[in-house]
$ cat coords_33.csv   # CSV, C-alpha atoms
chain,number,residue,atom,x,y,z
A,1,GLU,CA,-16.4,8.8,-2.2
A,2,PRO,CA,-13.1,8.6,-4.1
A,3,VAL,CA,-10.1,7.3,-2.2
A,4,LEU,CA,-7.2,9.6,-1.8
A,5,THR,CA,-3.7,8.0,-1.6
A,6,ILE,CA,-1.2,10.0,0.5
A,7,GLY,CA,2.4,9.0,0.0
A,8,VAL,CA,4.9,9.9,2.7
A,9,PRO,CA,8.5,9.5,1.5
A,10,VAL,CA,10.9,9.6,4.4
A,11,TYR,CA,14.5,9.1,5.2
A,12,ASN,CA,15.7,9.6,8.8
A,13,GLY,CA,12.7,11.7,9.6
A,14,GLU,CA,12.2,10.9,13.2
A,15,ARG,CA,12.3,14.5,14.3
A,16,TYR,CA,8.9,15.5,12.8
A,17,LEU,CA,7.4,12.3,11.4
A,18,ALA,CA,5.0,11.6,14.3
A,19,THR,CA,3.6,15.1,14.1
A,20,ALA,CA,3.1,14.9,10.3
A,21,LEU,CA,1.3,11.5,10.6
A,22,ALA,CA,-0.9,12.7,13.4
A,23,GLY,CA,-2.0,15.6,11.2
A,24,ILE,CA,-2.9,13.3,8.4
A,25,SER,CA,-4.9,11.0,10.7
A,26,ALA,CA,-6.9,14.0,12.0
A,27,GLN,CA,-8.1,15.0,8.5
A,28,THR,CA,-11.8,15.7,8.1
A,29,TYR,CA,-11.9,13.9,4.8
A,30,PRO,CA,-12.0,10.3,5.9
A,31,HIS,CA,-11.6,8.3,2.6
A,32,PHE,CA,-7.9,8.1,2.3
A,33,LYS,CA,-5.0,5.7,2.7
A,34,VAL,CA,-1.4,6.5,3.6
A,35,VAL,CA,1.6,4.7,2.3
A,36,ILE,CA,4.9,5.5,4.2
A,37,ALA,CA,7.9,4.8,2.0
A,38,ASP,CA,10.9,4.5,4.3
A,39,ASN,CA,14.1,4.9,2.3
A,40,ALA,CA,16.2,2.6,4.5
A,41,SER,CA,16.3,5.0,7.4
A,42,THR,CA,18.9,4.5,10.1
A,43,ASP,CA,17.2,6.4,12.9
A,44,GLY,CA,13.9,5.9,14.7
A,45,THR,CA,11.7,6.4,11.7
A,46,GLU,CA,10.7,2.8,11.4
A,47,GLU,CA,9.5,2.6,15.0
A,48,ILE,CA,7.5,5.8,14.7
A,49,ALA,CA,5.9,4.7,11.4
A,50,ARG,CA,5.0,1.3,12.7
A,51,ALA,CA,3.4,2.8,15.8
A,52,ALA,CA,1.3,5.1,13.6
A,53,ALA,CA,0.2,2.2,11.4
A,54,ALA,CA,-0.8,0.2,14.4
A,55,ASN,CA,-3.0,3.0,15.6
A,56,ASP,CA,-4.6,3.9,12.3
A,57,PRO,CA,-5.6,1.1,9.8
A,58,ARG,CA,-5.5,3.6,7.0
A,59,ILE,CA,-1.7,3.9,7.3
A,60,GLU,CA,0.6,1.3,5.7
A,61,TYR,CA,4.4,1.2,6.3
A,62,ARG,CA,6.8,0.0,3.7
A,63,ARG,CA,10.6,-0.1,4.2
A,64,ARG,CA,12.9,-0.2,1.2
A,65,PRO,CA,15.7,-2.7,1.6
A,66,GLU,CA,18.2,-0.1,0.4
A,67,ASN,CA,18.3,3.7,-0.2
A,68,VAL,CA,17.0,4.3,-3.7
A,69,GLY,CA,17.6,8.1,-3.6
A,70,LEU,CA,15.1,10.9,-3.2
A,71,VAL,CA,13.8,10.7,-6.8
A,72,GLY,CA,13.4,6.9,-6.7
A,73,ASN,CA,11.5,7.0,-3.4
A,74,TRP,CA,9.2,9.8,-4.4
A,75,ASN,CA,8.4,8.4,-7.9
A,76,GLY,CA,8.1,4.9,-6.5
A,77,LEU,CA,5.3,6.0,-4.2
A,78,PHE,CA,3.3,7.2,-7.2
A,79,ASN,CA,4.1,4.2,-9.4
A,80,GLU,CA,3.5,1.6,-6.6
A,81,THR,CA,0.0,3.0,-5.6
A,82,GLU,CA,-3.3,3.5,-7.2
A,83,GLY,CA,-6.5,5.6,-6.9
A,84,GLU,CA,-8.0,8.6,-8.6
A,85,PHE,CA,-6.3,11.2,-6.5
A,86,PHE,CA,-2.7,11.2,-5.2
A,87,ALA,CA,-0.7,13.4,-2.9
A,88,TRP,CA,2.9,13.5,-1.5
A,89,HIS,CA,3.2,14.7,2.1
A,90,SER,CA,6.6,15.7,3.5
A,91,ALA,CA,7.6,14.1,6.8
A,92,ASP,CA,8.6,17.6,7.9
A,93,ASP,CA,5.3,19.4,7.4
A,94,LEU,CA,1.9,19.6,8.9
A,95,ALA,CA,-1.6,19.7,7.3
A,96,ALA,CA,-4.5,21.4,8.9
A,97,PRO,CA,-7.5,19.1,9.5
A,98,GLU,CA,-9.4,20.6,6.5
A,99,PHE,CA,-6.5,20.5,4.1
A,100,TYR,CA,-7.3,17.4,2.0
A,101,ALA,CA,-11.0,18.1,2.0
A,102,ALA,CA,-10.3,21.6,0.6
A,103,CYS,CA,-8.0,20.2,-2.1
A,104,LEU,CA,-10.5,17.5,-3.2
A,105,GLU,CA,-13.3,20.1,-3.3
A,106,LEU,CA,-11.3,22.1,-5.7
A,107,LEU,CA,-10.7,19.2,-8.0
A,108,ARG,CA,-14.3,18.3,-8.0
A,109,ALA,CA,-15.3,21.8,-8.8
A,110,HIS,CA,-12.7,22.0,-11.6
A,111,PRO,CA,-12.8,18.8,-13.6
A,112,GLU,CA,-10.2,20.3,-16.0
A,113,ALA,CA,-7.7,20.8,-13.1
A,114,ALA,CA,-4.6,18.6,-12.7
A,115,ALA,CA,-3.9,19.7,-9.1
A,116,GLY,CA,-5.4,21.5,-6.2
A,117,CYS,CA,-3.7,23.1,-3.2
A,118,THR,CA,-4.3,25.8,-0.6
A,119,GLU,CA,-2.2,28.8,0.4
A,120,ILE,CA,0.9,27.9,2.4
A,121,GLU,CA,2.1,29.1,5.8
A,122,LEU,CA,5.7,28.7,7.0
A,123,ILE,CA,6.4,27.4,10.5
A,124,ASP,CA,9.6,27.0,12.4
A,125,THR,CA,11.1,24.0,14.2
A,126,ASN,CA,8.7,24.4,17.1
A,127,GLY,CA,5.6,24.8,14.9
A,128,ASP,CA,5.3,28.5,15.4
A,129,SER,CA,4.2,30.6,12.5
A,130,LEU,CA,6.7,32.5,10.3
A,131,GLY,CA,4.0,34.0,8.2
A,132,PRO,CA,2.4,33.3,4.8
A,133,ASP,CA,4.4,32.4,1.7
A,134,PRO,CA,2.3,33.6,-1.3
A,135,GLU,CA,3.0,32.5,-4.9
A,136,ARG,CA,1.9,35.1,-7.4
A,137,ILE,CA,1.5,33.0,-10.5
A,138,ARG,CA,-1.3,32.3,-13.0
A,139,SER,CA,-1.4,28.6,-12.5
A,140,ASP,CA,-5.1,28.5,-13.4
A,141,HIS,CA,-4.9,30.5,-16.6
A,142,PRO,CA,-7.1,28.9,-19.4
A,143,ASP,CA,-4.1,29.0,-21.9
A,144,ARG,CA,-1.8,26.1,-21.2
A,145,ALA,CA,1.1,28.0,-22.8
A,146,VAL,CA,0.7,30.7,-20.2
A,147,ARG,CA,0.5,28.1,-17.4
A,148,PHE,CA,3.6,26.4,-18.6
A,149,THR,CA,5.5,29.7,-18.7
A,150,GLU,CA,4.4,30.5,-15.2
A,151,LEU,CA,5.2,27.1,-13.7
A,152,ALA,CA,8.5,26.7,-15.5
A,153,SER,CA,9.7,30.0,-14.2
A,154,PHE,CA,11.5,31.0,-10.9
A,155,ARG,CA,8.5,33.1,-9.8
A,156,HIS,CA,7.2,30.4,-7.4
A,157,TYR,CA,8.3,27.9,-4.8
A,158,CYS,CA,6.8,24.7,-6.2
A,159,GLN,CA,4.0,24.7,-3.6
A,160,PHE,CA,1.7,22.6,-5.7
A,161,TYR,CA,3.9,19.6,-4.7
A,162,TYR,CA,2.1,19.8,-1.4
A,163,GLY,CA,-1.4,19.5,-2.9
A,164,VAL,CA,-3.5,16.8,-4.4
A,165,PHE,CA,-3.0,15.6,-8.0
A,166,ARG,CA,-5.4,14.0,-10.4
A,167,ARG,CA,-3.5,10.8,-11.0
A,168,SER,CA,-4.5,10.4,-14.7
A,169,MET,CA,-2.9,13.8,-15.4
A,170,LEU,CA,0.2,13.4,-13.3
A,171,ALA,CA,0.8,10.0,-15.0
A,172,ARG,CA,1.2,11.9,-18.3
A,173,THR,CA,4.3,13.7,-17.0
A,174,ARG,CA,7.8,12.2,-16.6
A,175,LEU,CA,7.4,12.6,-12.8
A,176,MET,CA,10.6,13.7,-11.1
A,177,LEU,CA,13.7,13.4,-13.3
A,178,PRO,CA,17.1,12.4,-11.8
A,179,LEU,CA,17.8,15.0,-9.2
A,180,PHE,CA,19.0,18.3,-10.5
A,181,TRP,CA,18.3,21.9,-9.5
A,182,SER,CA,14.6,22.7,-10.0
A,183,SER,CA,13.6,19.2,-11.4
A,184,ASP,CA,10.4,19.7,-9.3
A,185,ARG,CA,9.7,22.9,-11.3
A,186,LEU,CA,10.0,21.0,-14.5
A,187,LEU,CA,7.4,18.5,-13.4
A,188,LEU,CA,5.0,21.2,-12.5
A,189,GLY,CA,5.6,22.8,-15.9
A,190,GLU,CA,4.7,19.5,-17.6
A,191,LEU,CA,1.7,19.1,-15.4
A,192,ALA,CA,0.5,22.6,-16.3
A,193,LEU,CA,0.2,21.4,-19.9
A,194,GLN,CA,-2.3,18.7,-18.8
A,195,GLY,CA,-4.6,21.0,-16.8
A,196,THR,CA,-5.0,24.0,-14.5
A,197,LEU,CA,-3.5,24.1,-11.0
A,198,VAL,CA,-6.1,25.6,-8.7
A,199,ARG,CA,-5.8,27.0,-5.2
A,200,ASP,CA,-8.0,27.6,-2.1
A,201,ARG,CA,-7.0,30.9,-0.5
A,202,ARG,CA,-7.0,29.6,3.0
A,203,ARG,CA,-3.6,28.7,4.6
A,204,LEU,CA,-4.1,25.1,5.4
A,205,TYR,CA,-0.7,23.5,4.9
A,206,TYR,CA,2.3,24.4,7.0
A,207,VAL,CA,5.8,24.0,5.6
A,208,ARG,CA,8.5,23.6,8.3
A,209,GLN,CA,11.7,25.6,7.8
A,210,HIS,CA,14.7,23.8,9.3
A,211,ASP,CA,18.3,23.1,8.3
A,212,GLU,CA,17.7,19.4,7.5
A,213,ARG,CA,15.2,20.0,4.8
A,214,VAL,CA,16.1,18.6,1.4
A,215,THR,CA,15.9,22.1,-0.1
A,216,GLU,CA,18.6,23.1,2.4
A,217,GLY,CA,20.9,20.3,1.4
A,218,GLY,CA,19.6,17.9,4.1
A,219,ARG,CA,18.2,14.4,4.1
A,220,LYS,CA,17.6,12.3,1.0
$ encode --input "coords_33.csv" --output "structure tokens"
Amino acid sequence: EPVLTIGVPVYNGERYLATALAGISAQTYPHFKVVIADNASTDGTEEIARAAAANDPRIEYRRRPENVGLVGNWNGLFNETEGEFFAWHSADDLAAPEFYAACLELLRAHPEAAAGCTEIELIDTNGDSLGPDPERIRSDHPDRAVRFTELASFRHYCQFYYGVFRRSMLARTRLMLPLFWSSDRLLLGELALQGTLVRDRRRLYYVRQHDERVTEGGRK
């Protein structure tokens, strides 16, 4: 079975980190390793991460000696790890137990695909559902020009960032460029030139809405 590497970039994420890591440990797909990249947090992130690593040998904790910024931490996780499949997992969010199994099943069924994800459900600070968050884009269109146009547009919420990537295809992009508005959208547009982005219609990943999210101008 291929090993999936799950990178967890985090800075001052003590509020939800333990819940996010517990969700990863509970995955039905067992062949994964987790690398937590702590971007020099000043809260209780280190203690929470070390406790999770002590309880699950698949989890590794790495602390950066200084804050390298959001882009440096996210890109560093990809560049500093290996394995056929790679995923970023936000320290704010929660994955259903079947999430990574579903994403890998998609990638096995679609060898031309660069990434696989499921539908997304939004949750609040308490973990209660706020409803689905559908993206109506043709990310799996056979014409890569159509895929690029769709993924480079503002008709979606960059949800494939939550999914699993085929490392060889993600490596052909420039990854995240120095932070500017919608740099994540540009990465997905570049990825769409490498292969399709396919989706399982079940809602198995939960994006937490709160005022400290990076998209709300919060933690780096």
$ residues_near_point --input "coords_33.csv" --point "(4.0, 15.7, -12.9)" --cutoff "10 Å" --atoms "all atoms listed in the file" --output "CSV table (one decimal) with C-alpha atoms, in the coordinates of the input"
chain,number,residue,atom,x,y,z
A,75,ASN,CA,8.4,8.4,-7.9
A,114,ALA,CA,-4.6,18.6,-12.7
A,115,ALA,CA,-3.9,19.7,-9.1
A,161,TYR,CA,3.9,19.6,-4.7
A,165,PHE,CA,-3.0,15.6,-8.0
A,166,ARG,CA,-5.4,14.0,-10.4
A,167,ARG,CA,-3.5,10.8,-11.0
A,169,MET,CA,-2.9,13.8,-15.4
A,170,LEU,CA,0.2,13.4,-13.3
A,171,ALA,CA,0.8,10.0,-15.0
A,172,ARG,CA,1.2,11.9,-18.3
A,173,THR,CA,4.3,13.7,-17.0
A,174,ARG,CA,7.8,12.2,-16.6
A,175,LEU,CA,7.4,12.6,-12.8
A,176,MET,CA,10.6,13.7,-11.1
A,177,LEU,CA,13.7,13.4,-13.3
A,184,ASP,CA,10.4,19.7,-9.3
A,185,ARG,CA,9.7,22.9,-11.3
A,186,LEU,CA,10.0,21.0,-14.5
A,187,LEU,CA,7.4,18.5,-13.4
A,188,LEU,CA,5.0,21.2,-12.5
A,189,GLY,CA,5.6,22.8,-15.9
A,190,GLU,CA,4.7,19.5,-17.6
A,191,LEU,CA,1.7,19.1,-15.4
A,192,ALA,CA,0.5,22.6,-16.3
A,193,LEU,CA,0.2,21.4,-19.9
A,194,GLN,CA,-2.3,18.7,-18.8
$ closest_atom_pairs --input "coords_33.csv" --of "segment 63-150 of chain A" --to "segment 10-28 of chain A" --cutoff "9 Å" --atoms "all atoms listed in the file" --output "CSV"
residue,atom,partner,partner_atom,distance
A:Asn67,CA,A:Tyr11,CA,8.5
A:Leu70,CA,A:Tyr11,CA,8.6
A:Asn73,CA,A:Val10,CA,8.2
A:Trp74,CA,A:Val10,CA,9.0
A:His89,CA,A:Ala20,CA,8.2
A:Ser90,CA,A:Val10,CA,7.5
A:Ala91,CA,A:Leu17,CA,4.9
A:Asp92,CA,A:Tyr16,CA,5.3
A:Asp93,CA,A:Ala20,CA,5.8
A:Leu94,CA,A:Ala20,CA,5.0
A:Ala95,CA,A:Gly23,CA,5.7
A:Ala96,CA,A:Gly23,CA,6.7
A:Pro97,CA,A:Gln27,CA,4.3
A:Glu98,CA,A:Thr28,CA,5.7
A:Phe99,CA,A:Gln27,CA,7.2
A:Tyr100,CA,A:Gln27,CA,7.0
A:Ala101,CA,A:Thr28,CA,6.6
A:Thr125,CA,A:Tyr16,CA,8.9
$ atom_distance --input "coords_33.csv" --atom1 "atom CA of Glu82 of chain A" --atom2 "atom CA of Tyr205 of chain A"
23.5 Å
$ atom_distance --input "coords_33.csv" --atom1 "atom CA of Val8 of chain A" --atom2 "atom CA of Glu80 of chain A"
12.5 Å
$ atom_distance --input "coords_33.csv" --atom1 "atom CA of Asp140 of chain A" --atom2 "atom CA of Val207 of chain A"
22.4 Å
$ closest_residue --input "coords_33.csv" --among "A:Ile123, A:Cys103, A:Cys117, A:Ile6" --to "Phe32 of chain A" --atoms "all atoms listed in the file"
A:Ile6
$ closest_residue --input "coords_33.csv" --among "A:Tyr206, A:Phe86, A:Tyr61, A:Phe160" --to "Ala49 of chain A" --atoms "all atoms listed in the file"
A:Tyr61
$ residues_around --input "coords_33.csv" --residues "segment 33-38 of chain A" --least-positions-apart "2" --cutoff "8 Å" --atoms "only C-alpha atoms" --output "list in words"
Val3, Leu4, Thr5, Ile6, Gly7, Val8, Pro9, Val10, Tyr11, His31, Ala40, Ser41, Thr45, Glu46, Ala49, Arg58, Ile59, Glu60, Tyr61, Arg62, Arg63, Arg64, Asn73 and Leu77 of chain A
$ closest_residue --input "coords_33.csv" --among "A:Gly69, A:Thr42, A:Arg208, A:Asp56" --to "Pro178 of chain A" --atoms "all atoms listed in the file"
A:Gly69
$ residues_around --input "coords_33.csv" --residues "Asp200 of chain A" --least-positions-apart "2" --cutoff "8 Å" --atoms "only C-alpha atoms" --output "VMD selection string"
chain A and resid 102 to 103 106 116 to 119 198 202
$ closest_residue --input "coords_33.csv" --among "A:Ile48, A:Ala113, A:Leu104, A:Cys158" --to "Glu135 of chain A" --atoms "all atoms listed in the file"
A:Cys158
$ closest_residue --input "coords_33.csv" --among "A:Glu47, A:Glu84, A:Glu150, A:Asp124" --to "Leu107 of chain A" --atoms "only C-alpha atoms"
A:Glu84
$ axis_aligned_box --input "coords_33.csv" --around "segment 136-145 of chain A" --padding-each-side "6 Å" --output "AutoDock Vina command-line options"
--center_x -2.6 --center_y 30.6 --center_z -15.1 --size_x 21.0 --size_y 21.0 --size_z 27.4
$ closest_residue --input "coords_33.csv" --among "A:Phe154, A:Tyr162, A:Phe85, A:Phe148" --to "Arg108 of chain A" --atoms "only C-alpha atoms"
A:Phe85
$ build_atoms --input "coords_33.csv" --residues "segment 129-140 of chain A" --atoms "all heavy atoms" --output "PDB file, in the frame of the given file"
ATOM      1  N   SER A 129       4.343  30.036  13.780  1.00  0.00           N
ATOM      2  CA  SER A 129       4.200  30.600  12.500  1.00  0.00           C
ATOM      3  C   SER A 129       5.322  31.605  12.137  1.00  0.00           C
ATOM      4  O   SER A 129       5.742  32.413  12.961  1.00  0.00           O
ATOM      5  CB  SER A 129       2.847  31.390  12.379  1.00  0.00           C
ATOM      6  OG  SER A 129       2.745  32.073  11.139  1.00  0.00           O
ATOM      7  N   LEU A 130       5.783  31.507  10.880  1.00  0.00           N
ATOM      8  CA  LEU A 130       6.700  32.500  10.300  1.00  0.00           C
ATOM      9  C   LEU A 130       6.048  33.361   9.295  1.00  0.00           C
ATOM     10  O   LEU A 130       6.711  34.206   8.687  1.00  0.00           O
ATOM     11  CB  LEU A 130       7.906  31.731   9.674  1.00  0.00           C
ATOM     12  CG  LEU A 130       8.781  30.885  10.610  1.00  0.00           C
ATOM     13  CD1 LEU A 130       9.796  30.088   9.810  1.00  0.00           C
ATOM     14  CD2 LEU A 130       9.483  31.783  11.629  1.00  0.00           C
ATOM     15  N   GLY A 131       4.743  33.154   9.089  1.00  0.00           N
ATOM     16  CA  GLY A 131       4.000  34.000   8.200  1.00  0.00           C
ATOM     17  C   GLY A 131       3.638  33.273   6.870  1.00  0.00           C
ATOM     18  O   GLY A 131       4.099  32.153   6.605  1.00  0.00           O
ATOM     19  N   PRO A 132       2.828  33.898   6.044  1.00  0.00           N
ATOM     20  CA  PRO A 132       2.400  33.300   4.800  1.00  0.00           C
ATOM     21  C   PRO A 132       3.541  33.306   3.758  1.00  0.00           C
ATOM     22  O   PRO A 132       4.545  34.009   3.924  1.00  0.00           O
ATOM     23  CB  PRO A 132       1.259  34.204   4.326  1.00  0.00           C
ATOM     24  CG  PRO A 132       1.567  35.522   4.957  1.00  0.00           C
ATOM     25  CD  PRO A 132       2.211  35.213   6.277  1.00  0.00           C
ATOM     26  N   ASP A 133       3.353  32.505   2.695  1.00  0.00           N
ATOM     27  CA  ASP A 133       4.400  32.400   1.700  1.00  0.00           C
ATOM     28  C   ASP A 133       3.667  32.393   0.295  1.00  0.00           C
ATOM     29  O   ASP A 133       3.605  31.373  -0.387  1.00  0.00           O
ATOM     30  CB  ASP A 133       5.163  31.105   1.863  1.00  0.00           C
ATOM     31  CG  ASP A 133       6.442  31.068   1.041  1.00  0.00           C
ATOM     32  OD1 ASP A 133       6.981  32.139   0.724  1.00  0.00           O
ATOM     33  OD2 ASP A 133       6.899  29.952   0.718  1.00  0.00           O
ATOM     34  N   PRO A 134       3.103  33.534  -0.119  1.00  0.00           N
ATOM     35  CA  PRO A 134       2.300  33.600  -1.300  1.00  0.00           C
ATOM     36  C   PRO A 134       3.055  33.363  -2.613  1.00  0.00           C
ATOM     37  O   PRO A 134       4.199  33.800  -2.733  1.00  0.00           O
ATOM     38  CB  PRO A 134       1.635  34.957  -1.276  1.00  0.00           C
ATOM     39  CG  PRO A 134       2.611  35.782  -0.494  1.00  0.00           C
ATOM     40  CD  PRO A 134       3.196  34.854   0.521  1.00  0.00           C
ATOM     41  N   GLU A 135       2.424  32.681  -3.556  1.00  0.00           N
ATOM     42  CA  GLU A 135       3.000  32.500  -4.900  1.00  0.00           C
ATOM     43  C   GLU A 135       2.079  33.340  -5.852  1.00  0.00           C
ATOM     44  O   GLU A 135       0.889  33.065  -5.979  1.00  0.00           O
ATOM     45  CB  GLU A 135       2.944  31.063  -5.345  1.00  0.00           C
ATOM     46  CG  GLU A 135       3.943  30.188  -4.661  1.00  0.00           C
ATOM     47  CD  GLU A 135       3.969  28.784  -5.246  1.00  0.00           C
ATOM     48  OE1 GLU A 135       2.899  28.269  -5.628  1.00  0.00           O
ATOM     49  OE2 GLU A 135       5.046  28.203  -5.321  1.00  0.00           O
ATOM     50  N   ARG A 136       2.657  34.277  -6.547  1.00  0.00           N
ATOM     51  CA  ARG A 136       1.900  35.100  -7.400  1.00  0.00           C
ATOM     52  C   ARG A 136       2.080  34.695  -8.884  1.00  0.00           C
ATOM     53  O   ARG A 136       2.780  35.322  -9.670  1.00  0.00           O
ATOM     54  CB  ARG A 136       2.297  36.599  -7.230  1.00  0.00           C
ATOM     55  CG  ARG A 136       2.216  37.017  -5.756  1.00  0.00           C
ATOM     56  CD  ARG A 136       2.322  38.501  -5.539  1.00  0.00           C
ATOM     57  NE  ARG A 136       2.400  38.837  -4.126  1.00  0.00           N
ATOM     58  CZ  ARG A 136       1.383  38.807  -3.274  1.00  0.00           C
ATOM     59  NH1 ARG A 136       0.193  38.454  -3.704  1.00  0.00           N
ATOM     60  NH2 ARG A 136       1.555  39.130  -1.991  1.00  0.00           N
ATOM     61  N   ILE A 137       1.457  33.558  -9.190  1.00  0.00           N
ATOM     62  CA  ILE A 137       1.500  33.000 -10.500  1.00  0.00           C
ATOM     63  C   ILE A 137       0.137  32.680 -11.029  1.00  0.00           C
ATOM     64  O   ILE A 137      -0.792  32.493 -10.243  1.00  0.00           O
ATOM     65  CB  ILE A 137       2.406  31.721 -10.567  1.00  0.00           C
ATOM     66  CG1 ILE A 137       1.919  30.713  -9.516  1.00  0.00           C
ATOM     67  CG2 ILE A 137       3.875  32.050 -10.363  1.00  0.00           C
ATOM     68  CD1 ILE A 137       2.585  29.371  -9.606  1.00  0.00           C
ATOM     69  N   ARG A 138       0.001  32.607 -12.348  1.00  0.00           N
ATOM     70  CA  ARG A 138      -1.300  32.300 -13.000  1.00  0.00           C
ATOM     71  C   ARG A 138      -1.396  30.858 -13.316  1.00  0.00           C
ATOM     72  O   ARG A 138      -1.480  30.472 -14.473  1.00  0.00           O
ATOM     73  CB  ARG A 138      -1.463  33.210 -14.207  1.00  0.00           C
ATOM     74  CG  ARG A 138      -1.499  34.704 -13.909  1.00  0.00           C
ATOM     75  CD  ARG A 138      -1.442  35.524 -15.176  1.00  0.00           C
ATOM     76  NE  ARG A 138      -0.120  35.423 -15.805  1.00  0.00           N
ATOM     77  CZ  ARG A 138       0.184  35.949 -16.991  1.00  0.00           C
ATOM     78  NH1 ARG A 138      -0.739  36.611 -17.681  1.00  0.00           N
ATOM     79  NH2 ARG A 138       1.398  35.820 -17.484  1.00  0.00           N
ATOM     80  N   SER A 139      -1.421  30.036 -12.304  1.00  0.00           N
ATOM     81  CA  SER A 139      -1.400  28.600 -12.500  1.00  0.00           C
ATOM     82  C   SER A 139      -2.780  28.078 -13.021  1.00  0.00           C
ATOM     83  O   SER A 139      -2.861  26.942 -13.500  1.00  0.00           O
ATOM     84  CB  SER A 139      -1.082  27.864 -11.211  1.00  0.00           C
ATOM     85  OG  SER A 139      -2.030  28.174 -10.199  1.00  0.00           O
ATOM     86  N   ASP A 140      -3.821  28.883 -12.904  1.00  0.00           N
ATOM     87  CA  ASP A 140      -5.100  28.500 -13.400  1.00  0.00           C
ATOM     88  C   ASP A 140      -5.553  29.190 -14.649  1.00  0.00           C
ATOM     89  O   ASP A 140      -6.729  29.192 -15.022  1.00  0.00           O
ATOM     90  CB  ASP A 140      -6.192  28.735 -12.281  1.00  0.00           C
ATOM     91  CG  ASP A 140      -6.254  30.199 -11.858  1.00  0.00           C
ATOM     92  OD1 ASP A 140      -5.361  30.978 -12.269  1.00  0.00           O
ATOM     93  OD2 ASP A 140      -7.177  30.557 -11.105  1.00  0.00           O
TER      94      ASP A 140
END
